[in-house]
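Since the structure comes first, as structure tokens, the remarks are kept for the end.
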Amino acid sequence: MTTYLFYFLSFLAIMFALMVVLSKNPIHSVLYLVLTFFAIAGHYVLLNAQFLAAVHIIVYAGAIMVLFLFVIMLLNLNKETEPHKSLWLKGMAAVASGSLLVVLVGSLKNAGQMQAAAPYNGSIGLIENLGQTLFHEFLLPFEVASILLLGAMVGAVMLGKKSIK
Amino acid sequence: MTALILLSALGVIALLAEIFSFKKLLYPVVILGLITTFVLNLVDWNTDKLWYGMMRYDNFAVAFSSVLIGITTLWFIMAENFFKEESSLTDHFALILFALVGGIVMVSYTNMTMLFLGIEILSIPMYVLAASKKEDVSSNEAGFKYLILGAFSTGFLLFGIALIYGSTASFDLPVIADFITSHNGAVPGMFYIGILLILVAMVFKVSAVPFHFWAPDVYQGAPTSVTAFMATIVKTAAFAAFLRLFASTFAGAGSVWIDVLWVIAALTLLVGNITAVVQTSTKRMLAYSSIAHAGYMLLALIALNSFTQSSVLFYSLAYSIGSIASFGVLGIVATSRGNDTTDAFNGLAKTNPLLAVAMTVALLSLAGIPPTAGFFAKYYIFTAAFASGYGWLVLIAILASLIGVYYYFRIIIAMFFKESTEAAIEVTANHKLLFILTIVLTIALGLFPDFIIRLL
């Protein structure tokens, strides 16, 4: 049952991700991206990580994608304004990403026979264990991340404010 | 660790200056703070402490973080004009100091999460600072381009880290190194592709060919001070992170990435130097030369022997001092003469001998002419590569540095042998001090390179 669900969710995630890239209208792309995030949140639930699933939906699908939509609507982007890319550029992009695809498939094709590096622990995604890991083992990165956020915030304010004449 | 805390605190103090209005005092406070941090950072020498299993402050970390802090201090003297604009002065201070914190994390991490955080803490302030000349379109373009491409390379980094985590179940570098030795050749393919994806991200950060396309535009568009910061501190930190990961942890899996890096280094040396020749803008020329210098440093990484760490340390120090001086002179000349072509330097030796001499010493050092620091820097790198049997690569590098001599000398010739009717440029006392300091340091490092080389 879980296996079927896994394949179904993966299929949805890949389909929606493809639609993000393929759809011409930027608004549709963003909406498909929201659906992709929901499919991935489904994967988190399958791994018994309800907290991550909820946060994923609230932060990504909720906050960030709404922001995305606002920006796109404010910029008034649509099919007509999309710049035309040269054939040469498209060809190069196809070659580069095609090679990456070949390398990834080549390296992952034997993944089925691989030994899992760590056995699956059903309670690993629970919020209690997440907190324990975050505030014991990963305490320093957790604190250092505050500098990252502060730096990003200061930067955003600096770019946003008017210069005094 | 001391440096990490002190610099973060200094960054917060810079932000508080806006509220408590001691903006005028901030410049000396930050310089003093940096010098204090530099001294206290040296106290950690030979202590080799592991912090929470996330940061290892060994001699490698102390040496590279001292270089970063020292060069930042020089940079602050060089970039005093960058801190003249009243409205976003404290933000500039804070962002630079936070970027430096990221650099400190990047030289001392022993965990993939810290690597990621370090790279992001360094990059995000740089994206913003590249766009800090808000009314200038090319500065906006630089910031935007850097942000988009930088985010893309971060994607590669995370994908690589995820694949490595998937095969080893750990972010910890010693555990990953043990995984390679214990599996001895039978490492899953997923692990290899993880290494290669991380390699792509790191090579992007040091702007090596073919991941260099962002560098010329960003370097040219950003304000000159920010360009100097990117060419020195960002590059040094990225190389230290590169070494920490590839020269120790992934050294056991060298067969996967050394050949790839060989090609990247050869391409970087050739493309960087040859493209630099045809540039008319000096700033863009220095951007391409900075790409080429990444190629030389990659040589030491490929060599993967006992000289690797010390030669990269010396090279990044010599290169950073040379870059600070050359970007400093370029900034002054370009603002007063209105353009940054080679002709702007005409007759500088007559009007401003100090600027001309500082620029000459810096360019000679970048070109690798004795007795400057740059000569020994290249010498040690080539020795390291030669000792590991990369004769062909050394040959390419020597040819590439000959091309380099050509475009560096074009500016020296313009300064000394061409006439110009331009008036003398006024140079502030701080800048004079800086240029005397860089001249002395470049010559001193060239005469006594053992001081630095023996450290690691």
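Lettering and numbering for the structure tokens are positional, with chains as A, B, ... in the shown order, residues counted from 1 in each chain, and ligands counted from 1 in the shown order.
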
Write out as a Markdown table a residue-level contact list of chain B versus chain A with cut-off 9 Å: for each qualifying residue the closest pair of atoms and the distance in Å to one decimal, counting only C-alpha atoms, rows sorted by chain and residue number upward.
```
| residue | atom | partner | partner_atom | distance |
| --- | --- | --- | --- | --- |
| B:Ser8 | CA | A:Ile147 | CA | 7.4 |
| B:Leu15 | CA | A:Val154 | CA | 8.7 |
| B:Trp51 | CA | A:Leu140 | CA | 8.4 |
| B:Tyr52 | CA | A:Leu140 | CA | 7.0 |
| B:Gly53 | CA | A:Glu137 | CA | 7.9 |
| B:Met54 | CA | A:Leu140 | CA | 7.0 |
| B:Met55 | CA | A:Leu140 | CA | 8.7 |
| B:Glu85 | CA | A:Ser163 | CA | 8.7 |
| B:Glu86 | CA | A:Ile164 | CA | 7.4 |
| B:Ser87 | CA | A:Ser163 | CA | 5.4 |
| B:Ser88 | CA | A:Met158 | CA | 6.4 |
| B:Asp91 | CA | A:Met158 | CA | 6.5 |
| B:His92 | CA | A:Met158 | CA | 8.4 |
| B:Ala94 | CA | A:Gly151 | CA | 7.7 |
| B:Leu95 | CA | A:Gly151 | CA | 6.2 |
| B:Phe98 | CA | A:Gly151 | CA | 6.3 |
| B:Ala99 | CA | A:Gly151 | CA | 8.1 |
| B:Val101 | CA | A:Ile147 | CA | 8.4 |
| B:Gly102 | CA | A:Leu148 | CA | 8.3 |
| B:Val105 | CA | A:Val144 | CA | 8.9 |
| B:Thr113 | CA | A:Pro141 | CA | 6.8 |
| B:Met114 | CA | A:Pro141 | CA | 6.0 |
| B:Leu117 | CA | A:Ala145 | CA | 6.6 |
| B:Gly118 | CA | A:Leu148 | CA | 8.6 |
| B:Glu120 | CA | A:Leu148 | CA | 7.0 |
| B:Ile121 | CA | A:Leu148 | CA | 4.9 |
| B:Leu122 | CA | A:Leu148 | CA | 8.5 |
| B:Ile124 | CA | A:Ala152 | CA | 6.2 |
| B:Pro125 | CA | A:Gly151 | CA | 6.3 |
| B:Tyr127 | CA | A:Gly155 | CA | 8.7 |
| B:Val128 | CA | A:Gly155 | CA | 5.7 |
| B:Leu129 | CA | A:Gly155 | CA | 7.9 |
| B:Ala131 | CA | A:Leu159 | CA | 7.9 |
| B:Ser132 | CA | A:Leu159 | CA | 7.0 |
| B:Lys134 | CA | A:Leu159 | CA | 7.5 |
| B:Tyr165 | CA | A:Ala117 | CA | 8.7 |
| B:Gly166 | CA | A:Ala117 | CA | 6.9 |
| B:Ser167 | CA | A:Ala117 | CA | 5.6 |
| B:Thr168 | CA | A:Ala117 | CA | 5.5 |
| B:Ala169 | CA | A:Ala117 | CA | 5.4 |
| B:Ser170 | CA | A:Ala117 | CA | 9.0 |
| B:Pro188 | CA | A:Met114 | CA | 7.5 |
| B:Gly189 | CA | A:Ser107 | CA | 4.6 |
| B:Met190 | CA | A:Ser107 | CA | 5.5 |
| B:Phe191 | CA | A:Ser107 | CA | 8.6 |
| B:Tyr192 | CA | A:Ser107 | CA | 7.9 |
| B:Ile193 | CA | A:Ser107 | CA | 6.8 |
```

Exercise. Counting only C-alpha atoms, what is within 10 Å of Asp343 in chain B, bar same-chain residues fewer than 4 positions away, as a list in words?
Worked result: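 Neighbouring residues, sequence-local ones excluded: Thr280, Ser281, Thr282, Arg337, Asn339, Gly347, Arg410, Ile411, Ala414, Met415, Lys418, Glu419 and Ser420 of chain B.
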
Exercise. Which of range 9-161 of chain A counts as alpha helix (DSSP H) under DSSP, as a ChimeraX atom specification please?
Worked result: /A:9-22,26-46,50-55,65-75,87-108,127-132,139-160

Give me, as a PDB file with C-alpha atoms, in the first residue's frame, all polymer residues having an atom no more than 10 Å from Glu18 in chain B, counting only C-alpha atoms and skipping those fewer than 2 positions away in the same chain.
```pdb
ATOM      1  CA  ILE B  13      27.430  46.778  16.911  1.00  0.00           C
ATOM      2  CA  ALA B  14      27.612  48.255  13.414  1.00  0.00           C
ATOM      3  CA  LEU B  15      23.822  47.937  13.164  1.00  0.00           C
ATOM      4  CA  LEU B  16      23.339  49.518  16.598  1.00  0.00           C
ATOM      5  CA  PHE B  20      22.539  55.184  19.073  1.00  0.00           C
ATOM      6  CA  SER B  21      23.992  57.515  16.437  1.00  0.00           C
ATOM      7  CA  PHE B  22      27.710  56.938  16.692  1.00  0.00           C
ATOM      8  CA  LYS B  23      28.027  56.524  12.933  1.00  0.00           C
ATOM      9  CA  LEU B  26      32.049  53.388  13.516  1.00  0.00           C
ATOM     10  CA  SER B  87      21.991  56.574   4.203  1.00  0.00           C
ATOM     11  CA  SER B  88      23.265  52.983   4.104  1.00  0.00           C
ATOM     12  CA  LEU B  89      26.606  53.286   5.829  1.00  0.00           C
ATOM     13  CA  THR B  90      25.889  51.030   8.799  1.00  0.00           C
ATOM     14  CA  ASP B  91      24.355  48.403   6.524  1.00  0.00           C
TER      15      ASP B  91
END
```

Exercise. What lies within 9 Å of range 69-71 of chain A using only C-alpha atoms, ignoring chain neighbours under 6 positions off, as a ChimeraX atom specification?
Worked result: /A:26-27,30-31

Dump C-alpha atoms for the selected residues as a CSV table (one decimal), in the first residue's frame?
```
chain,number,residue,atom,x,y,z
A,26,PRO,CA,4.2,32.1,-15.3
A,27,ILE,CA,1.1,32.1,-13.0
A,30,VAL,CA,3.7,29.0,-9.8
A,31,LEU,CA,0.5,27.1,-9.2
```

Problem set entry | Straight-line distance linking CA of Asn305 in chain B with CA of Leu402 in chain B, stated in Å to one decimal | 25.9 Å

Problem set entry | Between CA of Leu32 in chain B and CA of Ala237 in chain B, distance in Å (one decimal) |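 Between these atoms lies a distance of 22.2 Å.
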
Exercise. To one decimal place, how far is CA of Trp214 in chain B from CA of Ala142 in chain B in Å?
Worked result: 8.4 Å
